[in-house]
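Source file: target06.txt; contents: compact mmCIF, C-alpha atoms and all ligand atoms.
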```txt
# COMPACT_ATOMS: atom_id res chain seq x y z
CA MET A 1 22.42 21.87 12.96
CA THR A 2 21.32 18.25 12.88
CA ALA A 3 19.45 17.07 9.83
CA THR A 4 16.42 15.17 11.11
CA ARG A 5 13.78 15.89 8.48
CA ILE A 6 12.69 13.44 5.83
CA LEU A 7 10.59 14.34 2.80
CA VAL A 8 8.53 11.35 1.65
CA LEU A 9 7.45 11.33 -1.99
CA ASN A 10 4.93 8.96 -3.55
CA SER A 11 4.94 9.71 -7.28
CA GLY A 12 2.10 8.21 -9.29
CA SER A 13 1.50 8.47 -13.03
CA SER A 14 -0.40 11.78 -12.70
CA SER A 15 -0.01 12.62 -9.02
CA VAL A 16 2.56 13.27 -6.32
CA LYS A 17 1.74 12.77 -2.64
CA TYR A 18 4.19 14.09 -0.10
CA GLN A 19 4.84 14.47 3.61
CA LEU A 20 7.61 16.21 5.48
CA LEU A 21 8.38 14.59 8.83
CA ASP A 22 10.78 15.43 11.63
CA MET A 23 12.24 12.19 12.91
CA ALA A 24 13.64 13.75 16.10
CA THR A 25 10.27 14.99 17.31
CA HIS A 26 8.11 12.51 15.32
CA GLU A 27 6.19 15.56 14.10
CA ARG A 28 4.50 15.74 10.71
CA LEU A 29 5.42 19.21 9.44
CA ALA A 30 3.49 19.34 6.16
CA VAL A 31 1.43 17.07 3.92
CA GLY A 32 0.14 17.57 0.42
CA LEU A 33 -0.93 16.24 -2.92
CA VAL A 34 -0.53 17.30 -6.54
CA GLU A 35 -3.22 15.77 -8.76
CA ARG A 36 -3.98 15.63 -12.46
CA ILE A 37 -0.43 16.50 -13.52
CA GLY A 38 -0.37 17.26 -17.25
CA GLU A 39 -4.04 18.24 -17.41
CA GLU A 40 -5.56 21.72 -17.54
CA THR A 41 -7.19 21.13 -14.15
CA SER A 42 -4.11 20.24 -12.08
CA ARG A 43 -4.43 20.93 -8.39
CA LEU A 44 -1.94 21.25 -5.57
CA LYS A 45 -3.21 21.02 -2.01
CA HIS A 46 -0.66 21.83 0.66
CA THR A 47 -1.32 21.63 4.38
CA PRO A 48 1.30 22.99 6.77
CA LEU A 49 0.86 21.16 10.06
CA ALA A 50 3.62 22.73 12.15
CA GLY A 51 2.45 26.07 13.54
CA GLY A 52 -1.14 25.33 12.51
CA GLY A 53 -1.16 27.18 9.18
CA GLU A 54 -4.16 27.03 6.83
CA ALA A 55 -4.29 24.58 3.92
CA ARG A 56 -3.52 26.22 0.57
CA GLU A 57 -4.58 25.25 -2.93
CA GLN A 58 -3.20 26.00 -6.36
CA ASN A 59 -5.54 25.36 -9.27
CA ARG A 60 -3.54 25.79 -12.46
CA ARG A 61 -2.00 23.59 -15.13
CA ILE A 62 1.09 21.78 -13.82
CA ALA A 63 2.69 20.33 -16.93
CA ASP A 64 4.87 17.54 -15.56
CA HIS A 65 6.46 15.96 -12.48
CA ALA A 66 9.31 18.48 -12.54
CA GLY A 67 6.76 21.29 -12.38
CA ALA A 68 4.88 19.49 -9.62
CA LEU A 69 7.95 19.03 -7.46
CA LYS A 70 9.03 22.61 -8.04
CA ALA A 71 5.58 23.78 -6.90
CA VAL A 72 5.80 21.54 -3.81
CA ALA A 73 9.29 22.92 -3.05
CA ASP A 74 7.93 26.49 -3.31
CA GLU A 75 5.03 25.72 -0.96
CA LEU A 76 7.40 24.16 1.58
CA ALA A 77 9.76 27.14 1.25
CA ALA A 78 6.86 29.52 1.96
CA ASP A 79 6.50 27.78 5.33
CA GLY A 80 10.23 28.00 6.04
CA LEU A 81 10.60 24.28 5.26
CA GLY A 82 12.32 24.57 1.87
CA LEU A 83 14.27 21.76 0.24
CA ASP A 84 17.44 23.82 0.68
CA SER A 85 17.10 23.59 4.47
CA PRO A 86 20.14 22.05 6.19
CA GLU A 87 17.66 20.21 8.39
CA LEU A 88 16.53 18.02 5.50
CA ALA A 89 18.40 14.69 5.84
CA ALA A 90 17.06 12.80 2.83
CA ILE A 91 14.16 12.23 0.48
CA GLY A 92 12.43 8.85 0.78
CA HIS A 93 10.67 7.60 -2.36
CA ARG A 94 8.01 4.94 -2.57
CA VAL A 95 8.97 2.59 -5.39
CA VAL A 96 6.39 -0.02 -6.26
CA HIS A 97 8.50 -2.78 -7.82
CA GLY A 98 11.94 -3.72 -6.57
CA GLY A 99 11.97 -7.24 -8.03
CA LEU A 100 14.13 -9.74 -6.14
CA LYS A 101 17.20 -7.55 -5.87
CA PHE A 102 15.93 -4.87 -3.52
CA THR A 103 15.18 -6.47 -0.17
CA GLU A 104 15.97 -3.33 1.84
CA PRO A 105 15.61 0.45 1.47
CA THR A 106 18.39 1.57 -0.83
CA ILE A 107 20.29 4.81 -1.47
CA VAL A 108 19.70 5.68 -5.12
CA ASP A 109 22.65 5.82 -7.51
CA ASP A 110 22.93 5.23 -11.26
CA ALA A 111 22.93 1.44 -10.86
CA VAL A 112 19.79 1.56 -8.71
CA LEU A 113 18.05 3.80 -11.24
CA ALA A 114 18.99 1.36 -14.01
CA GLU A 115 17.59 -1.61 -12.05
CA ILE A 116 14.28 0.18 -11.31
CA GLU A 117 14.11 0.95 -15.03
CA ARG A 118 14.84 -2.69 -15.91
CA LEU A 119 11.79 -3.69 -13.85
CA ILE A 120 9.39 -1.50 -15.88
CA PRO A 121 8.04 -4.49 -17.89
CA VAL A 122 6.70 -6.03 -14.63
CA ALA A 123 5.41 -2.68 -13.27
CA PRO A 124 4.51 -0.66 -16.35
CA LEU A 125 2.11 1.68 -14.56
CA HIS A 126 4.11 2.43 -11.44
CA ASN A 127 7.88 2.24 -11.88
CA PRO A 128 8.11 4.90 -14.64
CA ALA A 129 6.29 7.42 -12.43
CA ASN A 130 8.42 6.50 -9.41
CA LEU A 131 11.56 6.95 -11.50
CA THR A 132 10.45 10.36 -12.75
CA GLY A 133 9.86 11.42 -9.14
CA ILE A 134 13.34 10.31 -8.07
CA ARG A 135 15.09 11.91 -11.05
CA THR A 136 13.27 15.19 -10.52
CA ALA A 137 14.13 15.22 -6.82
CA MET A 138 17.78 14.49 -7.68
CA GLU A 139 17.85 17.51 -9.97
CA LEU A 140 16.46 19.73 -7.23
CA ARG A 141 18.88 18.49 -4.55
CA PRO A 142 21.73 16.53 -6.20
CA ASP A 143 23.74 16.51 -2.97
CA LEU A 144 21.00 14.93 -0.83
CA PRO A 145 20.62 11.15 -0.29
CA GLN A 146 17.60 9.87 -2.20
CA VAL A 147 16.34 6.60 -0.76
CA ALA A 148 14.09 4.13 -2.56
CA VAL A 149 11.71 2.15 -0.33
CA PHE A 150 10.17 -0.75 -2.23
CA ASP A 151 6.61 -2.06 -1.93
CA THR A 152 7.89 -5.53 -2.74
CA ALA A 153 10.79 -5.61 -0.23
CA PHE A 154 8.87 -7.03 2.74
CA HIS A 155 7.74 -9.98 0.64
CA THR A 156 11.20 -11.05 -0.54
CA THR A 157 11.36 -13.45 2.43
CA MET A 158 8.60 -15.61 0.87
CA PRO A 159 9.81 -19.17 0.30
CA GLU A 160 9.98 -20.39 -3.29
CA SER A 161 7.00 -22.66 -2.58
CA ALA A 162 4.84 -19.54 -2.12
CA ALA A 163 6.58 -17.26 -4.60
CA ARG A 164 6.58 -19.52 -7.67
CA TYR A 165 3.65 -20.16 -9.95
CA ALA A 166 3.36 -23.76 -11.08
CA ILE A 167 4.27 -23.00 -14.67
CA ASP A 168 7.21 -24.07 -16.83
CA VAL A 169 10.29 -22.87 -14.95
CA ALA A 170 12.31 -21.80 -18.00
CA THR A 171 9.45 -19.66 -19.35
CA ALA A 172 8.77 -18.16 -15.93
CA ASP A 173 12.43 -17.30 -15.35
CA ALA A 174 12.94 -15.89 -18.84
CA HIS A 175 10.19 -13.35 -18.20
CA ARG A 176 10.64 -12.96 -14.43
CA VAL A 177 7.17 -14.36 -13.85
CA ARG A 178 6.74 -15.05 -10.13
CA ARG A 179 4.84 -13.71 -7.16
CA TYR A 180 6.37 -10.51 -5.78
CA GLY A 181 3.58 -9.06 -3.61
CA PHE A 182 2.85 -5.38 -2.95
CA HIS A 183 1.74 -3.04 -0.11
CA GLY A 184 4.87 -4.36 1.65
CA THR A 185 5.57 -1.10 3.47
CA SER A 186 2.11 -1.27 5.02
CA HIS A 187 2.34 -4.99 5.86
CA ALA A 188 5.74 -4.38 7.51
CA TYR A 189 4.49 -1.43 9.56
CA VAL A 190 1.23 -3.08 10.61
CA SER A 191 2.82 -6.39 11.56
CA ARG A 192 5.33 -4.60 13.81
CA LYS A 193 2.58 -2.45 15.36
CA THR A 194 0.38 -5.50 15.95
CA ALA A 195 3.19 -7.30 17.79
CA GLU A 196 3.62 -4.15 19.89
CA LEU A 197 -0.11 -4.13 20.64
CA LEU A 198 0.16 -7.75 21.82
CA GLY A 199 3.13 -6.78 24.00
CA LYS A 200 5.39 -9.18 22.10
CA ASP A 201 8.47 -9.00 19.93
CA PRO A 202 7.67 -9.45 16.20
CA SER A 203 9.86 -12.58 16.19
CA GLU A 204 7.46 -14.25 18.65
CA VAL A 205 4.18 -13.87 16.78
CA ASN A 206 2.37 -15.27 13.74
CA LEU A 207 0.02 -12.81 12.06
CA ILE A 208 -2.42 -12.50 9.20
CA VAL A 209 -2.40 -8.89 7.98
CA LEU A 210 -5.35 -7.73 5.89
CA HIS A 211 -4.65 -4.45 4.08
CA LEU A 212 -8.12 -3.57 2.81
CA GLY A 213 -8.12 -0.25 0.97
CA ASN A 214 -9.16 0.48 -2.58
CA GLY A 215 -6.37 -1.97 -3.42
CA ALA A 216 -6.37 -4.92 -1.04
CA SER A 217 -3.93 -7.64 -0.03
CA ALA A 218 -3.45 -10.22 2.69
CA SER A 219 -0.18 -11.51 4.07
CA ALA A 220 0.92 -14.34 6.34
CA VAL A 221 3.73 -13.18 8.62
CA ARG A 222 5.69 -15.68 10.70
CA GLY A 223 8.00 -14.23 13.35
CA GLY A 224 8.17 -10.87 11.59
CA GLU A 225 8.85 -12.32 8.13
CA CYS A 226 6.39 -12.56 5.28
CA VAL A 227 5.80 -16.17 4.21
CA ASP A 228 2.93 -15.60 1.78
CA THR A 229 0.96 -12.72 0.30
CA SER A 230 -2.06 -12.48 -1.95
CA MET A 231 -0.80 -10.11 -4.67
CA GLY A 232 1.45 -11.72 -7.26
CA LEU A 233 3.36 -10.69 -10.37
CA THR A 234 1.19 -7.56 -10.29
CA PRO A 235 -1.29 -6.11 -7.78
CA LEU A 236 -4.15 -7.83 -9.63
CA GLU A 237 -4.03 -11.21 -7.88
CA GLY A 238 -5.80 -12.12 -4.66
CA LEU A 239 -8.61 -10.39 -2.83
CA VAL A 240 -11.61 -8.66 -4.38
CA MET A 241 -10.66 -4.95 -4.50
CA GLY A 242 -12.35 -1.65 -5.27
CA THR A 243 -11.85 -1.94 -9.03
CA ARG A 244 -9.71 -5.12 -9.44
CA SER A 245 -11.06 -8.65 -9.75
CA GLY A 246 -8.40 -10.37 -7.68
CA ASP A 247 -8.18 -14.13 -8.42
CA VAL A 248 -9.83 -15.40 -11.59
CA ASP A 249 -9.25 -18.56 -13.60
CA PRO A 250 -6.50 -17.45 -16.05
CA ALA A 251 -8.54 -19.10 -18.81
CA VAL A 252 -11.09 -16.27 -18.40
CA ILE A 253 -8.55 -14.17 -20.32
CA PHE A 254 -8.23 -16.57 -23.28
CA HIS A 255 -11.99 -16.94 -23.34
CA LEU A 256 -12.51 -13.18 -23.50
CA MET A 257 -9.88 -12.94 -26.25
CA ARG A 258 -11.23 -15.81 -28.36
CA VAL A 259 -14.94 -15.60 -27.74
CA GLY A 260 -15.38 -12.02 -26.53
CA LYS A 261 -12.91 -10.70 -29.19
CA MET A 262 -11.31 -8.45 -26.60
CA SER A 263 -7.69 -7.29 -26.88
CA PRO A 264 -5.13 -7.83 -24.08
CA ASP A 265 -5.28 -4.11 -23.28
CA GLU A 266 -9.08 -4.19 -23.05
CA ILE A 267 -8.94 -7.17 -20.70
CA ASP A 268 -6.25 -5.46 -18.64
CA ILE A 269 -8.55 -2.46 -18.19
CA LEU A 270 -11.53 -4.73 -17.48
CA LEU A 271 -9.76 -6.67 -14.72
CA ASN A 272 -7.85 -3.77 -13.17
CA GLN A 273 -10.31 -0.90 -13.48
CA LYS A 274 -13.81 -2.20 -14.16
CA SER A 275 -14.00 -5.25 -11.91
CA GLY A 276 -14.02 -5.89 -8.16
CA LEU A 277 -16.67 -4.03 -6.21
CA ILE A 278 -17.23 -1.43 -8.93
CA GLY A 279 -17.72 -4.12 -11.58
CA LEU A 280 -20.10 -6.07 -9.37
CA CYS A 281 -22.35 -3.26 -8.18
CA GLY A 282 -21.22 0.08 -9.67
CA ASP A 283 -19.67 1.40 -6.44
CA ASN A 284 -16.20 0.86 -5.02
CA ASP A 285 -16.69 2.80 -1.79
CA MET A 286 -17.57 0.47 1.09
CA ARG A 287 -19.58 3.24 2.80
CA GLU A 288 -21.83 3.56 -0.23
CA ILE A 289 -22.16 -0.23 -0.54
CA ARG A 290 -23.21 -0.54 3.12
CA ARG A 291 -25.74 2.28 2.66
CA ARG A 292 -27.23 0.52 -0.36
CA ILE A 293 -27.37 -2.81 1.51
CA ASP A 294 -29.28 -1.09 4.31
CA GLU A 295 -31.79 0.06 1.69
CA GLY A 296 -32.22 -3.52 0.45
CA ASP A 297 -30.09 -3.26 -2.72
CA GLU A 298 -29.45 -6.81 -4.01
CA SER A 299 -26.41 -6.13 -6.21
CA ALA A 300 -24.63 -4.27 -3.38
CA ARG A 301 -25.40 -7.23 -1.07
CA LEU A 302 -23.98 -9.73 -3.56
CA ALA A 303 -20.85 -7.59 -4.13
CA PHE A 304 -20.32 -7.49 -0.35
CA ASP A 305 -20.85 -11.24 -0.03
CA ILE A 306 -18.35 -12.01 -2.81
CA TYR A 307 -15.83 -9.64 -1.19
CA ILE A 308 -16.25 -11.37 2.21
CA HIS A 309 -16.22 -14.89 0.75
CA ARG A 310 -12.80 -14.25 -0.85
CA LEU A 311 -11.46 -12.61 2.31
CA LYS A 312 -12.53 -15.58 4.41
CA LYS A 313 -10.87 -18.02 2.00
CA TYR A 314 -7.57 -16.15 2.43
CA ILE A 315 -7.91 -16.09 6.22
CA GLY A 316 -8.42 -19.86 6.16
CA ALA A 317 -5.55 -20.40 3.73
CA TYR A 318 -3.08 -18.30 5.73
CA TYR A 319 -4.22 -19.91 8.95
CA ALA A 320 -3.20 -23.23 7.39
CA VAL A 321 0.08 -21.80 6.04
CA LEU A 322 1.03 -20.50 9.51
CA GLY A 323 -0.32 -23.38 11.58
CA ARG A 324 -0.68 -21.13 14.61
CA VAL A 325 -2.07 -17.59 14.45
CA ASP A 326 -1.71 -15.04 17.26
CA ALA A 327 -3.60 -12.18 15.63
CA ILE A 328 -5.41 -11.01 12.54
CA ALA A 329 -4.82 -7.31 11.85
CA PHE A 330 -7.21 -5.22 9.75
CA THR A 331 -5.82 -2.06 8.18
CA ALA A 332 -6.31 0.62 5.44
CA GLY A 333 -9.53 2.46 4.52
CA VAL A 334 -11.93 -0.49 4.69
CA GLY A 335 -10.07 -2.51 7.32
CA GLU A 336 -9.77 0.42 9.72
CA ASN A 337 -13.28 1.82 9.27
CA ALA A 338 -15.73 -0.83 8.14
CA ALA A 339 -16.85 -2.74 11.26
CA PRO A 340 -19.32 -4.91 9.23
CA VAL A 341 -16.43 -6.17 7.06
CA ARG A 342 -14.41 -7.20 10.11
CA GLU A 343 -17.43 -8.85 11.68
CA ALA A 344 -18.41 -10.76 8.53
CA ALA A 345 -14.83 -11.82 7.76
CA VAL A 346 -14.50 -13.81 10.99
CA ALA A 347 -18.15 -14.82 11.42
CA GLY A 348 -18.49 -18.57 11.94
CA LEU A 349 -14.76 -19.07 12.57
CA GLU A 350 -15.07 -19.60 16.34
CA GLU A 351 -13.62 -23.08 15.92
CA LEU A 352 -10.44 -21.39 14.71
CA GLY A 353 -10.42 -19.21 17.83
CA LEU A 354 -11.69 -16.18 15.93
CA ALA A 355 -14.42 -13.79 17.03
CA VAL A 356 -15.11 -10.06 17.33
CA ASP A 357 -16.77 -8.33 20.26
CA GLY A 358 -19.71 -6.37 18.82
CA GLU A 359 -19.21 -3.41 21.11
CA LEU A 360 -15.41 -3.15 20.75
CA ASN A 361 -15.69 -3.63 16.99
CA SER A 362 -18.13 -0.74 16.60
CA VAL A 363 -15.91 1.80 18.42
CA ARG A 364 -14.41 4.35 16.01
CA SER A 365 -10.85 5.32 16.81
CA ASP A 366 -7.55 6.23 15.17
CA GLU A 367 -5.68 4.11 17.71
CA ALA A 368 -4.47 0.54 17.23
CA ARG A 369 -6.84 -1.66 19.22
CA ILE A 370 -8.04 -5.20 19.85
CA VAL A 371 -11.68 -5.88 18.96
CA SER A 372 -11.92 -9.58 19.84
CA PRO A 373 -13.45 -10.75 23.12
CA GLU A 374 -11.20 -11.73 26.00
CA TYR A 375 -11.88 -15.46 25.54
CA ALA A 376 -10.86 -15.59 21.84
CA ARG A 377 -7.63 -17.54 21.24
CA VAL A 378 -6.69 -15.29 18.31
CA ALA A 379 -6.67 -11.53 18.74
CA VAL A 380 -8.51 -9.54 16.09
CA ALA A 381 -6.82 -6.14 15.85
CA VAL A 382 -7.52 -2.88 14.02
CA VAL A 383 -4.17 -1.24 13.29
CA PRO A 384 -4.12 2.02 11.31
CA THR A 385 -1.40 1.88 8.68
CA ASP A 386 1.07 4.70 8.07
CA GLU A 387 3.11 4.03 4.96
CA GLU A 388 4.63 7.51 4.92
CA LEU A 389 5.92 7.17 8.47
CA GLU A 390 7.34 3.74 7.64
CA ILE A 391 9.11 5.13 4.54
CA ALA A 392 10.44 8.05 6.60
CA GLN A 393 11.67 5.73 9.37
CA GLN A 394 13.37 3.36 6.95
CA THR A 395 14.94 6.29 5.10
CA TYR A 396 16.16 7.92 8.29
CA ALA A 397 17.55 4.66 9.63
CA LEU A 398 19.55 4.28 6.42
CA VAL A 399 20.97 7.79 6.17
CA GLY A 400 21.67 7.61 9.91
CA ASP A 401 24.09 10.32 10.75
CA ALA A 402 23.46 12.36 7.62
CA GLY A 403 23.01 15.27 10.00
CA ASP A 404 26.70 15.29 10.71
CA ARG A 405 27.45 16.04 7.08
CA ASN A 406 25.33 19.16 7.24
CA ALA A 407 26.54 20.25 10.66
P1 LIG A 501 -7.45 3.44 1.04
O1 LIG A 501 -7.09 2.89 -0.31
O2 LIG A 501 -6.73 2.75 2.16
O3 LIG A 501 -7.37 4.94 1.13
O4 LIG A 501 -9.01 3.06 1.27
C1 LIG A 501 -10.02 3.69 0.53
C2 LIG A 501 -11.31 2.94 0.73
O5 LIG A 501 -11.64 2.83 2.11
C3 LIG A 501 -12.53 3.64 0.13
O6 LIG A 501 -12.69 3.33 -1.22
C4 LIG A 501 -13.69 3.08 0.96
O7 LIG A 501 -14.17 1.90 0.37
C5 LIG A 501 -13.03 2.71 2.28
N1 LIG A 501 -13.45 3.59 3.39
C6 LIG A 501 -12.93 4.77 3.74
N2 LIG A 501 -13.56 5.28 4.82
C7 LIG A 501 -14.51 4.38 5.16
C8 LIG A 501 -15.53 4.30 6.18
N3 LIG A 501 -15.67 5.27 7.09
N4 LIG A 501 -16.31 3.21 6.21
C9 LIG A 501 -16.18 2.22 5.30
N5 LIG A 501 -15.26 2.23 4.32
C10 LIG A 501 -14.44 3.29 4.25
```
Step by step, read the file and then write its structure as structure tokens.
Ligand code: AMP
Amino acid sequence: MTATRILVLNSGSSSVKYQLLDMATHERLAVGLVERIGEETSRLKHTPLAGGGEAREQNRRIADHAGALKAVADELAADGLGLDSPELAAIGHRVVHGGLKFTEPTIVDDAVLAEIERLIPVAPLHNPANLTGIRTAMELRPDLPQVAVFDTAFHTTMPESAARYAIDVATADAHRVRRYGFHGTSHAYVSRKTAELLGKDPSEVNLIVLHLGNGASASAVRGGECVDTSMGLTPLEGLVMGTRSGDVDPAVIFHLMRVGKMSPDEIDILLNQKSGLIGLCGDNDMREIRRRIDEGDESARLAFDIYIHRLKKYIGAYYAVLGRVDAIAFTAGVGENAAPVREAAVAGLEELGLAVDGELNSVRSDEARIVSPEYARVAVAVVPTDEELEIAQQTYALVGDAGDRNA
């Protein structure tokens, strides 16, 4: 039997998202989510997709990641898709921070685990959870290849001129302070898909990719390689996001410490969790913000305008970085669904060859599509992202003929 299935795990601090995919048939066999791990109100939602089974829920305390993964394994086994199946080729793990070392998906061994652990100081929220997910999966199937796919990998092609902050080099290097970028799996997938949509090879096109979800980032991609991205040392830099401020004058932090008497942890929470759209108007869901704007709500309008102003500045900046742009691709929750955001982001940029066609832009679809008018020099595209598929593809490409081992 050939092993063609890949289990994709995205382990957060209190959640595990998963998908089981068959790479031979490109079929999604099951998807699910375990939330609120460690709390009394943990929940597992499992949806078998092959054979059209009903979604199932478990509402009971799940104490830790080991318990969560065991529960996921049991649910998969109940559908005949258990982790012990010889058809399972590998488990692909999303790992947020791979530093400079991990430029490619990597089979996990002790040295890889140690390096991911060494990067915890620059990804204190994410890497510990990712590590726990990998270690737990290794305990369940020690014989199976575990592959780490890094959010930072796509951005490791950035030149030093884009990756370095203009601060004292010795201090920066001592503490590994530089711009790493995140959402790389999505930027990689969407830039390839956009080239496909244009009927070109990725090496032939220059793109600006706008991943606008609850977290948001922009990237400038030249010939398939990232040359700049808006997130930096952490995912806080750059665009206005659902709950993160994006760019601020760094002196805001000293000011809040000295004058506002806030601690570093309080400021961290302020900028990461209480800022962005939610800090500006109390809502971080673009649907709700648009509804409030339609009702004449001033603070929702201002939040939207600040969001768009920042987005436009990055489009202009990356246009200049690239020199020539073939397409701008919108992706993730806001980018794929919010037509007013796409329209406002390129409004007034006709001189740069940018425009959207009102009718095309308002069509709702799950397909990748072009929403700019025929005459526009730069294509504006809506390209649904699929980070799980990208992780599965990268994992499968790496383990290659793993099936033969299980034959
Ligand atoms: P993501 O992080 O990619 O899952 O994106 C989540 C965000 O997408 C939500 O917080 C909303 O702001 C936005 N979103 C999702 N669906 C829609 C929609 N139909 N219209 C506008 N915004 C949406």
Residues up to 10 Å from ligand LIG 501 (chain A), counting all atoms listed in the file: could you list those as a tab-separated table (two decimals) with C-alpha atoms, in the coordinates of the input?
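This is the output file part_7.tsv:
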```
chain	number	residue	atom	x	y	z
A	211	HIS	CA	-4.65	-4.45	4.08
A	212	LEU	CA	-8.12	-3.57	2.81
A	213	GLY	CA	-8.12	-0.25	0.97
A	214	ASN	CA	-9.16	0.48	-2.58
A	215	GLY	CA	-6.37	-1.97	-3.42
A	216	ALA	CA	-6.37	-4.92	-1.04
A	241	MET	CA	-10.66	-4.95	-4.50
A	242	GLY	CA	-12.35	-1.65	-5.27
A	243	THR	CA	-11.85	-1.94	-9.03
A	277	LEU	CA	-16.67	-4.03	-6.21
A	283	ASP	CA	-19.67	1.40	-6.44
A	284	ASN	CA	-16.20	0.86	-5.02
A	285	ASP	CA	-16.69	2.80	-1.79
A	286	MET	CA	-17.57	0.47	1.09
A	287	ARG	CA	-19.58	3.24	2.80
A	288	GLU	CA	-21.83	3.56	-0.23
A	289	ILE	CA	-22.16	-0.23	-0.54
A	290	ARG	CA	-23.21	-0.54	3.12
A	291	ARG	CA	-25.74	2.28	2.66
A	331	THR	CA	-5.82	-2.06	8.18
A	332	ALA	CA	-6.31	0.62	5.44
A	333	GLY	CA	-9.53	2.46	4.52
A	334	VAL	CA	-11.93	-0.49	4.69
A	335	GLY	CA	-10.07	-2.51	7.32
A	336	GLU	CA	-9.77	0.42	9.72
A	337	ASN	CA	-13.28	1.82	9.27
A	338	ALA	CA	-15.73	-0.83	8.14
A	339	ALA	CA	-16.85	-2.74	11.26
A	340	PRO	CA	-19.32	-4.91	9.23
A	341	VAL	CA	-16.43	-6.17	7.06
A	364	ARG	CA	-14.41	4.35	16.01
A	384	PRO	CA	-4.12	2.02	11.31
A	385	THR	CA	-1.40	1.88	8.68
A	386	ASP	CA	1.07	4.70	8.07
```
| query | Which is closest to Asn272 (chain A) among A:Leu125, A:Ala397, A:Ala392, A:Ile6, if we use all atoms listed in the file? | reply |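 Selected residue with least distance to Asn272 (chain A): A:Leu125.
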| field | Counting only C-alpha atoms, the residue of A:Glu75, A:Ala50, A:Ala376, A:Asp228 that sits nearest Gly32 (chain A) | value |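 Of A:Glu75, A:Ala50, A:Ala376, A:Asp228, the one nearest Gly32 (chain A) is A:Glu75, counting only C-alpha atoms.
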| query | Need the neighbours of (14.8, 13.8, -7.1): which residues are at most 10 Å away, counting all atoms listed in the file, as an NGL selection string? | reply | :A and (9 or 66 or 69 or 91-93 or 108 or 130-142 or 144-147)
Excluding Gly223 (chain A) and any residue of its chain fewer than 6 positions from it, enumerate the residues within 9 Å of it, using all atoms listed in the file, and give them as a PDB file with C-alpha atoms, keeping the file's coordinate frame.
```pdb
ATOM      1  CA  ASP A 201       8.470  -9.000  19.930  1.00  0.00           C
ATOM      2  CA  PRO A 202       7.670  -9.450  16.200  1.00  0.00           C
ATOM      3  CA  SER A 203       9.860 -12.580  16.190  1.00  0.00           C
ATOM      4  CA  GLU A 204       7.460 -14.250  18.650  1.00  0.00           C
ATOM      5  CA  VAL A 205       4.180 -13.870  16.780  1.00  0.00           C
ATOM      6  CA  ASN A 206       2.370 -15.270  13.740  1.00  0.00           C
ATOM      7  CA  LEU A 207       0.020 -12.810  12.060  1.00  0.00           C
TER       8      LEU A 207
END
```
| message | Here is a test: counting all atoms listed in the file, which residue of A:Glu367, A:Phe150, A:Asp326, A:Gly184 is nearest to Gly199 (chain A)? | response |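 Closest to Gly199 (chain A), using all atoms listed in the file: A:Asp326.
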| query | Which residue gives the smallest distance to Arg222 (chain A) among A:Val378, A:Leu322, A:Leu44, A:Val169, with all atoms listed in the file counted? | reply |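 Closest to Arg222 (chain A), using all atoms listed in the file: A:Leu322.
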| said: I need the residue nearest Arg178 (chain A) from this list: A:Ala78, A:Leu233, A:Ala166, A:Ala218. Use all atoms listed in the file for the distance. | reply: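 Ranking A:Ala78, A:Leu233, A:Ala166, A:Ala218 by distance to Arg178 (chain A), first place goes to A:Leu233.
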| request: Rounded to one decimal place, report the CA of Ile306 (chain A)-CA of Arg324 (chain A) distance in Å. | output: 26.4 Å
| Using all atoms listed in the file: which of A:Leu354, A:Leu119, A:Leu198, A:Val221 has the shortest distance to Thr234 (chain A) |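 For Thr234 (chain A), the nearest of the given residues is A:Leu119.
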| request: Dump as a count of residues only all residues having an atom at most 8 Å from (10.7, -8.9, 5.8), computed in the file's coordinates with only C-alpha atoms. | output: 10
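Pairwise distance (CA of Arg36 (chain A), CA of Val72 (chain A)) equals 14.3 Å.
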